[in-house]
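> Encoded as C-alpha cells, here's the structure I'll be asking about.
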Amino acid sequence: GAVVSQHPSRVICKSGTSVKIECRSLDFQATTMFWYRQFPKQSLMLMATSNEGSKATYEQGVEKDKFLINHASLTLSTLTVTSAHPEDSSFYICSALNSGNTIYFGEGSWLTVV
Amino acid sequence: DAKTTQPPSMDCAEGRAANLPCNHSTISGNEYVYWYRQIHSQGPQYIIHGLKNNETNEMASLIITEDRKSSTLILPHATLRDTAVYYCIALHRYGQNFVFGPGTRLSVLP
C-alpha cells in the first residue's frame, strides 16, 4: 500500500482562489518532503524542498509567495496554490524521505483551474 | 549529481524480459543508481537502487557494469501493467533532490 498519501487526488477550483494539497507520510516520519509539478507528457520538475520546522527551499523560478509550503509536522506537508490561474493547472506530486534514505512518492494531485 | 541518459522509448513483448539501459558515465563513487517508474497519472513508484553490486528484489533486477558507467534494469517477465515511463537517476546516497530526466517509455505489447 501507499506509504505517502496525497489529498485531494483531484481538485477543480475557480481562477483567483486558493487551493491546498496535503502530503502525508503514513508509517514513517519525514523531516524532508519534496514538491514536484508535472505538465502533460513532460517529466517531473522539482518545485521546492519542505523542511519540518523551517522554511521551504524553492527552486529557481518558483514563486514562493504563490506556492506556499508548510511542513507542519513530521508526517504532513501542505502546498497551497494561491490566486490560482489556469496556467497553474498541473499534476502536483510530493515525496518524502524515510530514515533509510529511500524516497517515496505520493499518488499525485490533479489541479484544474477554471 | 551525475547526468543519466536513457532511450526515449522501448517495446517489449508480454512475458518476455524487458531490459532497460541507462548510461551514467560521469557517476561518482558515492552516487547510487536509483530506478523509479511512473504509470500514467500516478506518482513515481520506487523499483530498486544499487551502488556497484547487482541487486534483485521482487520487482526487478539491477545490473551495474564494473566501471559503473552504465546499468540495466531487468523486468524478468514483463506484463501489460509494466507499461510506464522508467526513470534512472544517479544520486548521492544522502542526496535528496531527485532530478528527473525524460526517462524511457516502455510499452509492453500483448
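Naming scheme: A, B, ... for chains in displayed order of the C-alpha cells; residues 1 onward per chain; ligands 1 onward as shown.
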Using only C-alpha atoms, find which residues of chain A lie within 12 Å of chain B and jot them down as a VMD selection string.

chain A and resid 1 to 6 9 to 10 31 to 51 57 to 59 90 to 110

> Restricted to C-alpha atoms, what would the selected residues look like written as a short mmCIF file (atom, residue, chain, number, x, y, z; two decimals), in the first residue's frame?


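After the write, selection17.cif holds the following:
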```cif
data_model
loop_
_atom_site.label_atom_id
_atom_site.label_comp_id
_atom_site.auth_asym_id
_atom_site.auth_seq_id
_atom_site.Cartn_x
_atom_site.Cartn_y
_atom_site.Cartn_z
CA GLY A 1 0.00 0.00 0.00
CA ALA A 2 0.90 3.64 -0.31
CA VAL A 3 3.37 4.96 2.22
CA VAL A 4 2.91 8.58 1.11
CA SER A 5 -0.61 9.85 0.61
CA GLN A 6 -1.82 13.00 -1.10
CA SER A 9 -6.32 13.40 -5.74
CA ARG A 10 -8.26 15.74 -7.99
CA THR A 31 11.79 15.64 8.18
CA THR A 32 12.10 16.40 4.49
CA MET A 33 9.45 16.31 1.81
CA PHE A 34 9.58 17.47 -1.77
CA TRP A 35 7.03 19.01 -4.10
CA TYR A 36 7.06 18.45 -7.86
CA ARG A 37 4.95 19.65 -10.74
CA GLN A 38 4.39 17.72 -13.92
CA PHE A 39 2.80 19.02 -17.10
CA PRO A 40 1.33 16.58 -19.64
CA LYS A 41 3.93 14.47 -21.44
CA GLN A 42 6.74 16.10 -19.51
CA SER A 43 8.96 14.91 -16.71
CA LEU A 44 8.65 15.89 -13.07
CA MET A 45 10.07 19.27 -12.11
CA LEU A 46 11.16 19.89 -8.54
CA MET A 47 9.45 22.96 -7.12
CA ALA A 48 10.64 23.07 -3.54
CA THR A 49 12.06 21.18 -0.61
CA SER A 50 9.92 21.23 2.50
CA ASN A 51 11.71 21.01 5.84
CA THR A 57 13.68 25.93 -0.12
CA TYR A 58 12.36 26.86 -3.55
CA GLU A 59 13.89 26.04 -6.91
CA SER A 90 -0.97 20.62 -13.49
CA PHE A 91 -0.21 17.35 -11.74
CA TYR A 92 1.38 18.05 -8.35
CA ILE A 93 3.36 15.29 -6.68
CA CYS A 94 5.02 15.13 -3.30
CA SER A 95 7.67 12.79 -1.99
CA ALA A 96 9.04 12.02 1.43
CA LEU A 97 12.39 10.77 2.64
CA ASN A 98 12.37 7.97 5.19
CA SER A 99 15.05 7.16 7.73
CA GLY A 100 16.56 4.61 5.35
CA ASN A 101 17.11 7.38 2.79
CA THR A 102 14.63 5.94 0.34
CA ILE A 103 12.28 8.44 -1.22
CA TYR A 104 8.64 7.51 -1.69
CA PHE A 105 6.23 9.46 -3.84
CA GLY A 106 2.60 10.27 -3.31
CA GLU A 107 -0.09 9.36 -5.78
CA GLY A 108 -0.23 12.90 -7.12
CA SER A 109 -2.91 15.56 -7.20
CA TRP A 110 -4.51 16.86 -10.37
#
```

> Can you pull out the residues contacting region 16-25 of chain A? Cut-off 6 Å, using only C-alpha atoms, and skip same-chain residues under 4 positions away; I want them as a list in words.

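The filter keeps Val3, Val4, Ser5, Gln6, His7, Thr75, Leu76, Ser77, Thr78, Leu79, Thr80, Val81, Thr82, Ser83 and Ala84 of chain A.
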
> Determine, counting only C-alpha atoms, which protein, DNA and RNA residues have an atom within 6 Å of an atom of Ser9 (chain B); residues of the same chain fewer than 4 positions away are not included. Present the result as a VMD selection string.

chain B and resid 104 to 106

> How far is it from CA of Met10 (chain B) to CA of His92 (chain B), in Å with one decimal?

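These atoms are spaced 27.7 Å apart.
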
> When DSSP is applied to the backbone of this structure, which of chain B are assigned strand (DSSP E or B)? Write them out as a PyMOL selection string.

chain B and resi 5+9-13+18-23+31-38+45-50+55-56+61-64+70-75+84-92+104-109

> Rounded to one decimal, what separation in Å do you get between CA of Met59 (chain B) and CA of Gln29 (chain A)?

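Taking CA of Met59 (chain B) as the start and CA of Gln29 (chain A) as the end point, the length is 25.1 Å.
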
> Could you list, as a short mmCIF file (atom, residue, chain, number, x, y, z; two decimals) with all heavy atoms, in the first residue's frame, every residue within 6 Å of Ser71 (chain B), counting only C-alpha atoms and ignoring same-chain residues fewer than 3 positions away?


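Once everything was written out, this is out.cif:
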```cif
data_model
loop_
_atom_site.label_atom_id
_atom_site.label_comp_id
_atom_site.auth_asym_id
_atom_site.auth_seq_id
_atom_site.Cartn_x
_atom_site.Cartn_y
_atom_site.Cartn_z
N PRO B 21 18.18 0.10 -20.50
CA PRO B 21 19.54 0.58 -20.25
C PRO B 21 19.56 2.02 -19.74
O PRO B 21 18.64 2.79 -19.98
CB PRO B 21 20.19 0.51 -21.64
CG PRO B 21 19.06 0.78 -22.58
CD PRO B 21 17.81 0.21 -21.92
N CYS B 22 20.65 2.32 -19.05
CA CYS B 22 20.86 3.68 -18.57
C CYS B 22 22.36 3.96 -18.60
O CYS B 22 23.16 3.14 -18.13
CB CYS B 22 20.32 3.84 -17.15
SG CYS B 22 20.58 5.48 -16.43
N ILE B 63 21.48 -4.48 -12.90
CA ILE B 63 22.82 -4.90 -13.26
C ILE B 63 23.66 -3.64 -13.51
O ILE B 63 23.32 -2.84 -14.38
CB ILE B 63 22.82 -5.78 -14.53
CG1 ILE B 63 21.83 -6.94 -14.38
CG2 ILE B 63 24.23 -6.30 -14.82
CD1 ILE B 63 22.13 -7.89 -13.25
N ILE B 64 24.71 -3.48 -12.74
CA ILE B 64 25.59 -2.31 -12.88
C ILE B 64 26.93 -2.80 -13.41
O ILE B 64 27.50 -3.76 -12.89
CB ILE B 64 25.78 -1.60 -11.52
CG1 ILE B 64 24.42 -1.18 -10.95
CG2 ILE B 64 26.68 -0.38 -11.67
CD1 ILE B 64 24.48 -0.61 -9.55
N THR B 65 27.42 -2.15 -14.46
CA THR B 65 28.70 -2.56 -15.04
C THR B 65 29.83 -2.33 -14.05
O THR B 65 29.72 -1.51 -13.13
CB THR B 65 28.98 -1.80 -16.34
OG1 THR B 65 28.98 -0.39 -16.06
CG2 THR B 65 27.94 -2.10 -17.39
#
```

> Nearest residue to Cys88 (chain B) out of B:Thr56, B:Thr72, B:Asn19, B:Ser25, using only C-alpha atoms?

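Checking each of B:Thr56, B:Thr72, B:Asn19, B:Ser25 against Cys88 (chain B), counting only C-alpha atoms, the winner is B:Thr72.
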
> Leaving out Lys52 (chain B) and any residue of its chain fewer than 4 positions from it, which residues lie within 12 Å of it when counting only C-alpha atoms, given as number ranges by chain?

B: 27-34, 62-71

> Which residues, written as a list in words, have at least one atom at most 6 Å from Val114 (chain A), with only C-alpha atoms counted and residues fewer than 5 positions away on the same chain left out?

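Using only C-alpha atoms, the neighbours found are Lys14, Ser15 and Pro86 of chain A.
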
> Would you save the residues from that selection as a PDB file, in the first residue's frame, using all heavy atoms?


```
ATOM      1  N   LYS A  14     -11.803  27.688  -8.988  1.00  0.00           N
ATOM      2  CA  LYS A  14     -12.020  28.842  -9.846  1.00  0.00           C
ATOM      3  C   LYS A  14     -10.772  29.722  -9.867  1.00  0.00           C
ATOM      4  O   LYS A  14     -10.040  29.808  -8.867  1.00  0.00           O
ATOM      5  CB  LYS A  14     -13.216  29.649  -9.365  1.00  0.00           C
ATOM      6  CG  LYS A  14     -14.554  28.940  -9.545  1.00  0.00           C
ATOM      7  CD  LYS A  14     -15.709  29.847  -9.140  1.00  0.00           C
ATOM      8  CE  LYS A  14     -17.041  29.148  -9.381  1.00  0.00           C
ATOM      9  NZ  LYS A  14     -18.193  30.029  -8.991  1.00  0.00           N
ATOM     10  N   SER A  15     -10.555  30.373 -10.970  1.00  0.00           N
ATOM     11  CA  SER A  15      -9.424  31.272 -11.108  1.00  0.00           C
ATOM     12  C   SER A  15      -9.492  32.354 -10.035  1.00  0.00           C
ATOM     13  O   SER A  15     -10.555  32.913  -9.763  1.00  0.00           O
ATOM     14  CB  SER A  15      -9.447  31.897 -12.501  1.00  0.00           C
ATOM     15  OG  SER A  15      -8.306  32.681 -12.725  1.00  0.00           O
ATOM     16  N   PRO A  86      -5.395  29.519 -14.628  1.00  0.00           N
ATOM     17  CA  PRO A  86      -5.437  28.321 -15.479  1.00  0.00           C
ATOM     18  C   PRO A  86      -4.062  27.740 -15.796  1.00  0.00           C
ATOM     19  O   PRO A  86      -3.924  26.517 -15.907  1.00  0.00           O
ATOM     20  CB  PRO A  86      -6.147  28.824 -16.737  1.00  0.00           C
ATOM     21  CG  PRO A  86      -7.063  29.893 -16.247  1.00  0.00           C
ATOM     22  CD  PRO A  86      -6.286  30.590 -15.149  1.00  0.00           C
TER      23      PRO A  86
END
```

> Please indicate the distance in Å from CA of Gly15 (chain B) to CA of Pro110 (chain B), rounded to one decimal place.

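If I compute the distance from CA of Gly15 (chain B) to CA of Pro110 (chain B), I get 8.7 Å.
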